[in-house]
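A short worksheet on the structure shown next.
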Amino acid sequence: GAAAVAGIGWGAYFIADWAIACTVLPRTAMASAMSVWNIAATLPQILAPALTTPLVERMNALHPGAGPRVAVGLAIVEFTAGALWLYRLPRQ
């Protein structure tokens, strides 16, 4: 059941993601723009853990139990920053 709910949520996310991409990317260079869009969607998933894991581990070593709190705090900040960044897109 949980996998089905997660799959539906992930599918809804990707539908919205591609809808935004198709709306804001230039129609004359869609293939090139989509490759950049996909890199921009994938690269943070690779870099974020690589950059934040040392911080989370250090915080957990200094204050046991603080690591997960820092991780959740970082996720909230990053989500908010992403939402504010999307807010800048032109309305249609």
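Identifiers for the structure tokens are assigned positionally: chains receive A, B, ... in sequence, residues are indexed from 1 per chain, and ligands are indexed from 1 in the order shown.
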Within 12 Å of Leu74 (chain A), counting only C-alpha atoms, which residues show up once you throw out same-chain ones fewer than 3 positions away? Write them as a ChimeraX atom specification, please.
/A:48-49,51-53,55-56,67-71,77-81
Selection: 12 Å around region 32-41 of chain A, only C-alpha atoms, excl. self and same-chain fewer than 5 positions, as a ChimeraX atom specification:
/A:13-14,17-27,46-48,82
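Here CA of Thr42 (chain A) and CA of Ala2 (chain A) stand 24.1 Å from one another.
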So which bits of chain A end up alpha helix (DSSP H) when you DSSP the backbone, as an MDAnalysis selection string?
chainID A and resid 2:24 30:62 66:87
Those same residues - C-alpha atoms - I'd like them written as a JSON list (two decimals), in the first residue's frame.
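Heads up, here's the output in selection_3.json:
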```
[["chain", "number", "residue", "atom", "x", "y", "z"],
["A", 2, "ALA", "CA", 2.76, 2.43, 0.93],
["A", 3, "ALA", "CA", 4.57, 1.72, -2.33],
["A", 4, "ALA", "CA", 1.41, 2.47, -4.31],
["A", 5, "VAL", "CA", 0.90, 5.79, -2.50],
["A", 6, "ALA", "CA", 4.57, 6.69, -3.00],
["A", 7, "GLY", "CA", 4.33, 5.77, -6.69],
["A", 8, "ILE", "CA", 1.25, 7.95, -7.17],
["A", 9, "GLY", "CA", 2.96, 10.85, -5.40],
["A", 10, "TRP", "CA", 6.15, 10.45, -7.42],
["A", 11, "GLY", "CA", 4.12, 10.25, -10.64],
["A", 12, "ALA", "CA", 2.23, 13.41, -9.77],
["A", 13, "TYR", "CA", 5.53, 15.16, -9.07],
["A", 14, "PHE", "CA", 6.96, 14.16, -12.44],
["A", 15, "ILE", "CA", 3.81, 15.22, -14.28],
["A", 16, "ALA", "CA", 4.02, 18.66, -12.67],
["A", 17, "ASP", "CA", 7.77, 18.82, -13.31],
["A", 18, "TRP", "CA", 7.40, 18.09, -17.02],
["A", 19, "ALA", "CA", 4.42, 20.45, -17.32],
["A", 20, "ILE", "CA", 6.52, 23.27, -15.92],
["A", 21, "ALA", "CA", 9.38, 22.33, -18.26],
["A", 22, "CYS", "CA", 7.15, 22.29, -21.33],
["A", 23, "THR", "CA", 5.70, 25.66, -20.36],
["A", 24, "VAL", "CA", 8.92, 27.58, -19.70],
["A", 30, "MET", "CA", 13.11, 21.63, -26.74],
["A", 31, "ALA", "CA", 15.52, 18.65, -26.98],
["A", 32, "SER", "CA", 18.52, 20.66, -25.81],
["A", 33, "ALA", "CA", 16.51, 22.41, -23.14],
["A", 34, "MET", "CA", 15.10, 19.12, -21.83],
["A", 35, "SER", "CA", 18.60, 17.67, -21.50],
["A", 36, "VAL", "CA", 19.62, 20.67, -19.39],
["A", 37, "TRP", "CA", 16.34, 20.33, -17.43],
["A", 38, "ASN", "CA", 17.08, 16.66, -16.69],
["A", 39, "ILE", "CA", 20.63, 17.45, -15.55],
["A", 40, "ALA", "CA", 19.26, 20.20, -13.33],
["A", 41, "ALA", "CA", 16.77, 17.74, -11.84],
["A", 42, "THR", "CA", 19.33, 14.97, -11.30],
["A", 43, "LEU", "CA", 22.47, 16.81, -10.23],
["A", 44, "PRO", "CA", 21.08, 18.10, -6.91],
["A", 45, "GLN", "CA", 20.08, 14.53, -5.97],
["A", 46, "ILE", "CA", 23.74, 13.57, -6.30],
["A", 47, "LEU", "CA", 25.41, 16.69, -4.89],
["A", 48, "ALA", "CA", 23.11, 17.40, -1.94],
["A", 49, "PRO", "CA", 23.88, 14.18, -0.04],
["A", 50, "ALA", "CA", 27.58, 14.45, -0.87],
["A", 51, "LEU", "CA", 27.73, 18.00, 0.50],
["A", 52, "THR", "CA", 25.40, 17.70, 3.49],
["A", 53, "THR", "CA", 26.32, 14.25, 4.84],
["A", 54, "PRO", "CA", 29.53, 15.50, 6.50],
["A", 55, "LEU", "CA", 27.56, 18.31, 8.18],
["A", 56, "VAL", "CA", 24.83, 15.97, 9.40],
["A", 57, "GLU", "CA", 27.37, 13.45, 10.69],
["A", 58, "ARG", "CA", 29.38, 16.18, 12.44],
["A", 59, "MET", "CA", 26.27, 17.58, 14.13],
["A", 60, "ASN", "CA", 25.26, 14.09, 15.22],
["A", 61, "ALA", "CA", 28.75, 13.50, 16.66],
["A", 62, "LEU", "CA", 28.67, 16.80, 18.59],
["A", 66, "ALA", "CA", 20.97, 16.34, 16.20],
["A", 67, "GLY", "CA", 21.96, 14.87, 12.82],
["A", 68, "PRO", "CA", 18.44, 13.86, 11.77],
["A", 69, "ARG", "CA", 17.08, 17.20, 12.99],
["A", 70, "VAL", "CA", 19.66, 19.04, 10.89],
["A", 71, "ALA", "CA", 18.77, 16.86, 7.88],
["A", 72, "VAL", "CA", 15.05, 17.67, 8.23],
["A", 73, "GLY", "CA", 15.86, 21.37, 8.73],
["A", 74, "LEU", "CA", 17.99, 21.39, 5.58],
["A", 75, "ALA", "CA", 15.20, 19.67, 3.63],
["A", 76, "ILE", "CA", 12.71, 22.32, 4.78],
["A", 77, "VAL", "CA", 15.07, 25.15, 3.78],
["A", 78, "GLU", "CA", 15.82, 23.57, 0.40],
["A", 79, "PHE", "CA", 12.13, 22.91, -0.32],
["A", 80, "THR", "CA", 11.24, 26.50, 0.56],
["A", 81, "ALA", "CA", 14.06, 27.86, -1.61],
["A", 82, "GLY", "CA", 12.89, 25.72, -4.54],
["A", 83, "ALA", "CA", 9.28, 26.82, -4.12],
["A", 84, "LEU", "CA", 10.31, 30.47, -4.01],
["A", 85, "TRP", "CA", 12.46, 29.96, -7.09],
["A", 86, "LEU", "CA", 9.48, 28.48, -8.99],
["A", 87, "TYR", "CA", 7.33, 31.40, -7.88]]
```
